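Visitor: Take a look at the following structure, please.
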Amino acid sequence: MSNSLSRREMIQRVSLATGLGTLGGIWAEPATAERKKRKSPNEKLNIACIGVGGQGATDVSNVSSENIVALCDVDERRAASTFAQYPNAQKFQDYREMFDKFHKEFDAVTVTIPDHSHAVATAMALHYDKHVYCQKPLTHSVQEAREIAKLAGGKRRLATQMGTQGHAFEGYHRLVEIIQGGVIGDVKEVHVWTDRPIWPQGLTRPTKILMPPPTLNWEVWIGPAAMRMYQPEYLPFVWRGWWDFGTGALGDMACHLMDPVFWALELGAPTVISATSEGGTPDSPPTSSIIRYEFPKTKTRPAITMTWYDGKNRPPQTLLEGETVPKIDNGSLYIGTKGKLIIDHNGMPILLPKAKFEGATLPTPTLKRSPGHYKQWIEACKHGTPTGSNFKYAANMTESVLLGNIALRTGRKLLWDSHKMEFKKDAEATALVQDSYRDGWSL
């Protein structure tokens, strides 16, 4: 990361170029006194929140048991409601400025902004030795996931959590215990599906010449991505349907729905990824897709194939072998040598065939239950206790998820070398492993 002086100079240049001084890159002057060190881990954390409209407002609310001391959002209008709820918090538009001027005043950070800016904001927080909660997917590129995992590791002992709330669900805990308890035998095949996208995809880049609204800092919203004219087709929320900013239906939901797969089966990196899709463009993810991941066998389990479905696609009904189950829009199906298990993202596991497992004795609960997704992170910040979606675990899963998007973009079967971080004999696909950053933005 750049040193403090060069970052200050960079912020000054950005301010001149984008009118930050006029709009108020910082809407209130930060306190100058150093934060007093807490005497007890039971005292409240001081938290700074990056992205506070939409899902960001939800994340702020879920950590509001602590002291919310700083709020940062590029969109003054969209953030207005959250700003009003915390009148004493310092207000910023540019998180780089927040860290530069105010970092001594907070202990932890939430990051709830578009995917393409996750890694830069998270890396900055980690460089400043802050505990971090970051929404899923952890990063926009495979290489970023690897780098964030490195930054979060080592001797820092920082509490990290990716926003996969389902990791705290009772249903997923029971799924892990049932599968690891051998109830359905060796799992060799998994199917995962979602009803996303629920936003436009298969788009072409707009070319209208428009000015951003005066309440939006467009330069900071674009962040590390290549600069282009403001377009309402890019935000809010619909950024998920653009490769430069989002990661499509896969990036939005796979970290939720594949979470129990990686957890229960202790998956590492896939070695083969292939995909078919409809409606995609060079600018935008497809309207529907099927992605197949192949994971090699290990000393403790056989080789596993995992297939992802989105848009209009779903697993073949024949996989249920005539069994009747409730309609599931977002879920997963595990096929083992002794039976099957299906689960709704918000539900409990259903064992199949029902006749075989009716009245069956299931494994005694062994996993420690979560006190709640957000509370678990807060407790980890204070006491050093584990989190379920810590960045080491989350980065591994995020890497695999994002490899699927590279298969979608190239449209061919890819052979992944995780150690070298490259696709075998495929330079074009390997080039998509890493994002390029605009001047002024880096890890």
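Residue names in the structure tokens use chain letters A, B, ... in the order shown, residue numbers from 1 in each chain, and ligand numbers from 1 in the order shown.
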Could you give me, as a ChimeraX atom specification, the residues within 8 Å of segment 255-259 of chain A, counting only C-alpha atoms and dropping anything in the same chain fewer than 4 positions from it?
Guide: /A:136-137,164-167,192-193,251,263,330-332,345,397-398,401
Visitor: For segment 306-313 of chain A, find every residue with an atom within 10 Å (counting only C-alpha atoms), except residues of its own chain fewer than 4 positions away, and show them as a PyMOL selection string.
Guide: chain A and resi 188-198+249-250+253-254+257-258+261+270+273-278+286-295+329-330+332-334+401+404
Visitor: Hey, what's within 12 Å of Trp199 of chain A if we count only C-alpha atoms and toss same-chain stuff fewer than 5 positions away? As a PyMOL selection string, please?
Guide: chain A and resi 233-242+246+248-249+252+284-287+311
Visitor: Kindly indicate which residue among A:Tyr128, A:Phe262, A:Trp221, A:Trp377 lies nearest to Asp100 of chain A, using only C-alpha atoms for the distances.
Guide: A:Tyr128
Visitor: Report as a PyMOL selection string all protein, DNA and RNA residues lying within 9 Å of Leu362 of chain A, evaluated on only C-alpha atoms, omitting residues in the same chain fewer than 3 positions from it.
Guide: chain A and resi 177-178+181+183+359+365
Visitor: Can you tell me which residues surround Asp73 of chain A at a distance of at most 12 Å, considering only C-alpha atoms, apart from same-chain residues fewer than 4 positions away, and format the answer as a PyMOL selection string?
Guide: chain A and resi 24-27+48-54+56-57+77-83+90-98+110-114+215-218+220-221
Visitor: Pull N, CA and C atoms from the residues just selected and write them as a short mmCIF file (atom, residue, chain, number, x, y, z; two decimals), in the first residue's frame.
Guide:
```cif
data_model
loop_
_atom_site.label_atom_id
_atom_site.label_comp_id
_atom_site.auth_asym_id
_atom_site.auth_seq_id
_atom_site.Cartn_x
_atom_site.Cartn_y
_atom_site.Cartn_z
N GLY A 24 -18.13 17.77 -0.36
CA GLY A 24 -17.86 17.37 1.01
C GLY A 24 -17.40 15.94 1.06
N GLY A 25 -16.12 15.67 0.66
CA GLY A 25 -15.59 14.33 0.75
C GLY A 25 -15.68 13.85 2.18
N ILE A 26 -15.65 14.81 3.09
CA ILE A 26 -15.93 14.51 4.49
C ILE A 26 -16.94 15.55 4.93
N TRP A 27 -18.07 15.11 5.46
CA TRP A 27 -19.16 16.03 5.76
C TRP A 27 -19.06 16.63 7.16
N ALA A 48 -16.31 1.65 12.17
CA ALA A 48 -16.51 2.50 11.00
C ALA A 48 -17.16 1.65 9.92
N CYS A 49 -18.16 2.19 9.25
CA CYS A 49 -18.93 1.43 8.27
C CYS A 49 -18.78 2.04 6.88
N ILE A 50 -18.34 1.23 5.93
CA ILE A 50 -18.15 1.67 4.56
C ILE A 50 -19.29 1.11 3.71
N GLY A 51 -20.13 2.00 3.19
CA GLY A 51 -21.34 1.60 2.48
C GLY A 51 -22.47 1.45 3.47
N VAL A 52 -23.40 2.44 3.50
CA VAL A 52 -24.40 2.43 4.58
C VAL A 52 -25.83 2.58 4.05
N GLY A 53 -26.02 2.48 2.73
CA GLY A 53 -27.35 2.43 2.15
C GLY A 53 -27.67 1.01 1.74
N GLY A 54 -28.93 0.67 1.51
CA GLY A 54 -29.29 -0.67 1.07
C GLY A 54 -28.84 -1.72 2.07
N GLY A 56 -26.00 -2.12 3.16
CA GLY A 56 -25.12 -1.46 4.12
C GLY A 56 -25.86 -1.00 5.35
N ALA A 57 -27.08 -0.48 5.16
CA ALA A 57 -27.89 -0.05 6.30
C ALA A 57 -28.21 -1.22 7.20
N ARG A 77 -27.55 10.92 -0.83
CA ARG A 77 -29.00 10.72 -0.77
C ARG A 77 -29.34 9.32 -0.27
N ARG A 78 -28.69 8.31 -0.82
CA ARG A 78 -28.99 6.93 -0.44
C ARG A 78 -28.59 6.64 1.01
N ALA A 79 -27.60 7.35 1.49
CA ALA A 79 -27.12 7.13 2.86
C ALA A 79 -27.84 7.99 3.89
N ALA A 80 -28.70 8.90 3.44
CA ALA A 80 -29.27 9.92 4.33
C ALA A 80 -29.96 9.33 5.55
N SER A 81 -30.72 8.27 5.38
CA SER A 81 -31.45 7.69 6.49
C SER A 81 -30.50 7.16 7.56
N THR A 82 -29.45 6.46 7.13
CA THR A 82 -28.48 5.93 8.09
C THR A 82 -27.70 7.06 8.74
N PHE A 83 -27.32 8.07 7.97
CA PHE A 83 -26.64 9.22 8.55
C PHE A 83 -27.47 9.85 9.66
N GLN A 90 -18.86 10.44 12.45
CA GLN A 90 -18.22 11.25 11.43
C GLN A 90 -18.64 10.73 10.05
N LYS A 91 -18.87 11.63 9.11
CA LYS A 91 -19.40 11.27 7.80
C LYS A 91 -18.35 11.50 6.72
N PHE A 92 -18.17 10.48 5.86
CA PHE A 92 -17.19 10.55 4.78
C PHE A 92 -17.82 10.07 3.46
N GLN A 93 -17.24 10.50 2.35
CA GLN A 93 -17.58 9.95 1.05
C GLN A 93 -16.51 8.99 0.55
N ASP A 94 -15.27 9.21 0.90
CA ASP A 94 -14.14 8.45 0.39
C ASP A 94 -13.50 7.69 1.55
N TYR A 95 -13.53 6.37 1.52
CA TYR A 95 -12.99 5.60 2.64
C TYR A 95 -11.48 5.75 2.77
N ARG A 96 -10.80 6.10 1.69
CA ARG A 96 -9.36 6.36 1.80
C ARG A 96 -9.10 7.55 2.72
N GLU A 97 -9.94 8.55 2.59
CA GLU A 97 -9.82 9.72 3.45
C GLU A 97 -10.20 9.38 4.89
N MET A 98 -11.19 8.52 5.05
CA MET A 98 -11.60 8.09 6.38
C MET A 98 -10.44 7.40 7.11
N THR A 110 -16.84 -2.36 8.74
CA THR A 110 -17.72 -3.15 7.87
C THR A 110 -17.58 -2.63 6.45
N VAL A 111 -17.60 -3.55 5.49
CA VAL A 111 -17.43 -3.20 4.07
C VAL A 111 -18.64 -3.74 3.31
N THR A 112 -19.50 -2.84 2.85
CA THR A 112 -20.73 -3.24 2.15
C THR A 112 -20.90 -2.35 0.93
N ILE A 113 -20.06 -2.59 -0.06
CA ILE A 113 -20.00 -1.79 -1.27
C ILE A 113 -19.97 -2.74 -2.47
N PRO A 114 -20.04 -2.25 -3.70
CA PRO A 114 -20.00 -3.16 -4.85
C PRO A 114 -18.75 -4.05 -4.86
N THR A 215 -25.43 14.52 -5.51
CA THR A 215 -25.25 13.84 -4.22
C THR A 215 -24.35 12.60 -4.33
N LEU A 216 -23.91 12.27 -5.55
CA LEU A 216 -23.11 11.06 -5.77
C LEU A 216 -21.68 11.41 -6.16
N ASN A 217 -20.71 10.84 -5.46
CA ASN A 217 -19.31 10.99 -5.84
C ASN A 217 -18.97 9.86 -6.82
N TRP A 218 -19.10 10.15 -8.09
CA TRP A 218 -18.95 9.13 -9.13
C TRP A 218 -17.53 8.58 -9.19
N VAL A 220 -15.35 8.14 -6.85
CA VAL A 220 -15.08 7.19 -5.78
C VAL A 220 -15.91 5.93 -5.96
N TRP A 221 -17.14 6.06 -6.49
CA TRP A 221 -17.94 4.87 -6.74
C TRP A 221 -17.25 3.97 -7.76
#
```
Visitor: Mind the document's chain letters and residue numbers, and return as a list of chain:residue names the residues of segment 245-330 of chain A that DSSP labels strand (DSSP E).
Guide: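 Checking each residue of segment 245-330 of chain A, the strand (DSSP E) ones are A:Val272, A:Ile273, A:Ser274, A:Ala275, A:Thr276, A:Ser277, A:Glu278, A:Ser288, A:Ser289, A:Ile290, A:Ile291, A:Arg292, A:Tyr293, A:Glu294, A:Phe295, A:Ile304, A:Thr305, A:Met306, A:Thr307, A:Trp308, A:Tyr309, A:Asp310.
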Visitor: Work out how far atom CA of Ile304 of chain A is from atom CA of Thr410 of chain A, in Å to one decimal.
Guide: 23.2 Å
Visitor: If DSSP is run on the backbone, what residues of segment 63-166 of chain A are alpha helix (DSSP H)? A reply as a PyMOL selection string would be ideal.
Guide: chain A and resi 76-85+95-102+115-127+142-152
Visitor: Those same residues, written as a PDB file, in the first residue's frame with C-alpha atoms?
Guide:
```pdb
ATOM      1  CA  GLU A  76     -25.347  11.260   0.160  1.00  0.00           C
ATOM      2  CA  ARG A  77     -28.995  10.716  -0.773  1.00  0.00           C
ATOM      3  CA  ARG A  78     -28.988   6.931  -0.438  1.00  0.00           C
ATOM      4  CA  ALA A  79     -27.122   7.131   2.857  1.00  0.00           C
ATOM      5  CA  ALA A  80     -29.266   9.915   4.327  1.00  0.00           C
ATOM      6  CA  SER A  81     -31.452   7.693   6.494  1.00  0.00           C
ATOM      7  CA  THR A  82     -28.479   5.932   8.091  1.00  0.00           C
ATOM      8  CA  PHE A  83     -26.637   9.218   8.549  1.00  0.00           C
ATOM      9  CA  ALA A  84     -29.644  10.595  10.410  1.00  0.00           C
ATOM     10  CA  GLN A  85     -29.742   7.617  12.770  1.00  0.00           C
ATOM     11  CA  TYR A  95     -12.989   5.598   2.643  1.00  0.00           C
ATOM     12  CA  ARG A  96      -9.355   6.361   1.801  1.00  0.00           C
ATOM     13  CA  GLU A  97      -9.823   9.721   3.452  1.00  0.00           C
ATOM     14  CA  MET A  98     -11.600   8.092   6.381  1.00  0.00           C
ATOM     15  CA  PHE A  99      -8.618   5.834   7.031  1.00  0.00           C
ATOM     16  CA  ASP A 100      -6.101   8.591   6.439  1.00  0.00           C
ATOM     17  CA  LYS A 101      -7.685  11.114   8.810  1.00  0.00           C
ATOM     18  CA  PHE A 102      -9.667   9.058  11.278  1.00  0.00           C
ATOM     19  CA  ASP A 115     -17.878  -6.261  -5.413  1.00  0.00           C
ATOM     20  CA  HIS A 116     -15.154  -4.534  -7.418  1.00  0.00           C
ATOM     21  CA  SER A 117     -14.187  -2.377  -4.422  1.00  0.00           C
ATOM     22  CA  HIS A 118     -14.328  -5.060  -1.715  1.00  0.00           C
ATOM     23  CA  ALA A 119     -10.653  -5.991  -1.824  1.00  0.00           C
ATOM     24  CA  VAL A 120      -9.251  -2.455  -1.874  1.00  0.00           C
ATOM     25  CA  ALA A 121     -11.313  -1.318   1.119  1.00  0.00           C
ATOM     26  CA  THR A 122     -10.704  -4.555   3.012  1.00  0.00           C
ATOM     27  CA  ALA A 123      -6.969  -4.497   2.347  1.00  0.00           C
ATOM     28  CA  MET A 124      -6.770  -0.933   3.622  1.00  0.00           C
ATOM     29  CA  ALA A 125      -8.560  -1.931   6.820  1.00  0.00           C
ATOM     30  CA  LEU A 126      -6.206  -4.871   7.332  1.00  0.00           C
ATOM     31  CA  HIS A 127      -3.142  -2.716   6.700  1.00  0.00           C
ATOM     32  CA  VAL A 142      -9.297 -14.744  -7.727  1.00  0.00           C
ATOM     33  CA  GLN A 143      -5.976 -13.019  -7.141  1.00  0.00           C
ATOM     34  CA  GLU A 144      -7.575 -10.566  -4.723  1.00  0.00           C
ATOM     35  CA  ALA A 145      -8.969 -13.441  -2.668  1.00  0.00           C
ATOM     36  CA  ARG A 146      -5.490 -14.928  -2.358  1.00  0.00           C
ATOM     37  CA  GLU A 147      -4.022 -11.564  -1.316  1.00  0.00           C
ATOM     38  CA  ILE A 148      -6.726 -10.828   1.263  1.00  0.00           C
ATOM     39  CA  ALA A 149      -6.203 -14.249   2.837  1.00  0.00           C
ATOM     40  CA  LYS A 150      -2.495 -13.465   3.202  1.00  0.00           C
ATOM     41  CA  LEU A 151      -3.145 -10.052   4.705  1.00  0.00           C
ATOM     42  CA  ALA A 152      -5.637 -11.440   7.203  1.00  0.00           C
TER      43      ALA A 152
END
```
Visitor: Out of A:Leu414, A:Leu203, A:Val187, A:Ala407, which residue has the shortest atom-to-atom distance to Ala303 of chain A when counting only C-alpha atoms?
Guide: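 Closest to Ala303 of chain A, using only C-alpha atoms: A:Val187.
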Visitor: Smallest atom-to-atom distance to Phe423 of chain A: which of A:Leu319, A:Asp344, A:Leu352, A:Val272, using only C-alpha atoms?
Guide: A:Val272
Visitor: Excluding Thr204 of chain A and its own-chain neighbours fewer than 2 positions away, which residues fall within 8 Å of it when counting only C-alpha atoms? Please give them as a tab-separated table (two decimals) with all heavy atoms, in the first residue's frame.
Guide:
```
chain	number	residue	atom	x	y	z
A	202	GLY	N	-26.84	-9.83	-19.24
A	202	GLY	CA	-26.78	-9.95	-20.69
A	202	GLY	C	-26.86	-8.59	-21.35
A	202	GLY	O	-27.49	-8.43	-22.40
A	206	PRO	N	-23.75	0.97	-21.96
A	206	PRO	CA	-24.45	2.17	-22.45
A	206	PRO	C	-23.46	3.26	-22.84
A	206	PRO	O	-22.34	3.32	-22.32
A	206	PRO	CB	-25.31	2.58	-21.26
A	206	PRO	CG	-24.60	2.03	-20.06
A	206	PRO	CD	-23.95	0.76	-20.52
A	281	THR	N	-22.74	-11.28	-22.49
A	281	THR	CA	-22.03	-10.38	-23.39
A	281	THR	C	-20.65	-10.11	-22.82
A	281	THR	O	-20.38	-10.44	-21.66
A	281	THR	CB	-22.77	-9.04	-23.56
A	281	THR	OG1	-22.64	-8.29	-22.33
A	281	THR	CG2	-24.24	-9.24	-23.88
A	282	PRO	N	-19.74	-9.50	-23.58
A	282	PRO	CA	-18.44	-9.16	-23.00
A	282	PRO	C	-18.54	-8.23	-21.79
A	282	PRO	O	-17.63	-8.21	-20.95
A	282	PRO	CB	-17.72	-8.48	-24.17
A	282	PRO	CG	-18.35	-9.06	-25.40
A	282	PRO	CD	-19.79	-9.24	-25.04
A	283	ASP	N	-19.64	-7.47	-21.68
A	283	ASP	CA	-19.80	-6.52	-20.59
A	283	ASP	C	-20.57	-7.08	-19.40
A	283	ASP	O	-20.48	-6.56	-18.29
A	283	ASP	CB	-20.55	-5.27	-21.07
A	283	ASP	CG	-19.81	-4.54	-22.16
A	283	ASP	OD1	-18.64	-4.21	-21.96
A	283	ASP	OD2	-20.40	-4.30	-23.24
A	284	SER	N	-21.35	-8.13	-19.63
A	284	SER	CA	-22.35	-8.52	-18.65
A	284	SER	C	-22.52	-10.03	-18.56
A	284	SER	O	-22.48	-10.72	-19.59
A	284	SER	CB	-23.69	-7.87	-19.03
A	284	SER	OG	-24.72	-8.19	-18.14
```
Visitor: Quick check, in Å to one decimal: how far apart do atom CA of Asn396 of chain A and atom CA of Ile342 of chain A lie?
Guide: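 Pair atom CA of Asn396 of chain A / atom CA of Ile342 of chain A returns 23.7 Å.
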Visitor: One decimal, Å: what's the distance from atom CA of Val60 of chain A over to atom CA of Tyr230 of chain A, could you say?
Guide: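 Spanning atom CA of Val60 of chain A to atom CA of Tyr230 of chain A is a straight-line distance of 27.1 Å.
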Visitor: Using only C-alpha atoms, which of A:Trp416, A:Gly384, A:Ser64, A:Gly223 sits nearest Arg156 of chain A?
Guide: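 Among A:Trp416, A:Gly384, A:Ser64, A:Gly223, it is A:Gly384 that comes nearest to Arg156 of chain A.
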Visitor: Restricting the calculation to only C-alpha atoms: of A:Glu428, A:Leu402, A:Asp129, A:Pro302, which residue gets closest to Thr337 of chain A?
Guide: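 When distances to Thr337 of chain A are compared using only C-alpha atoms, the smallest one comes from A:Pro302.
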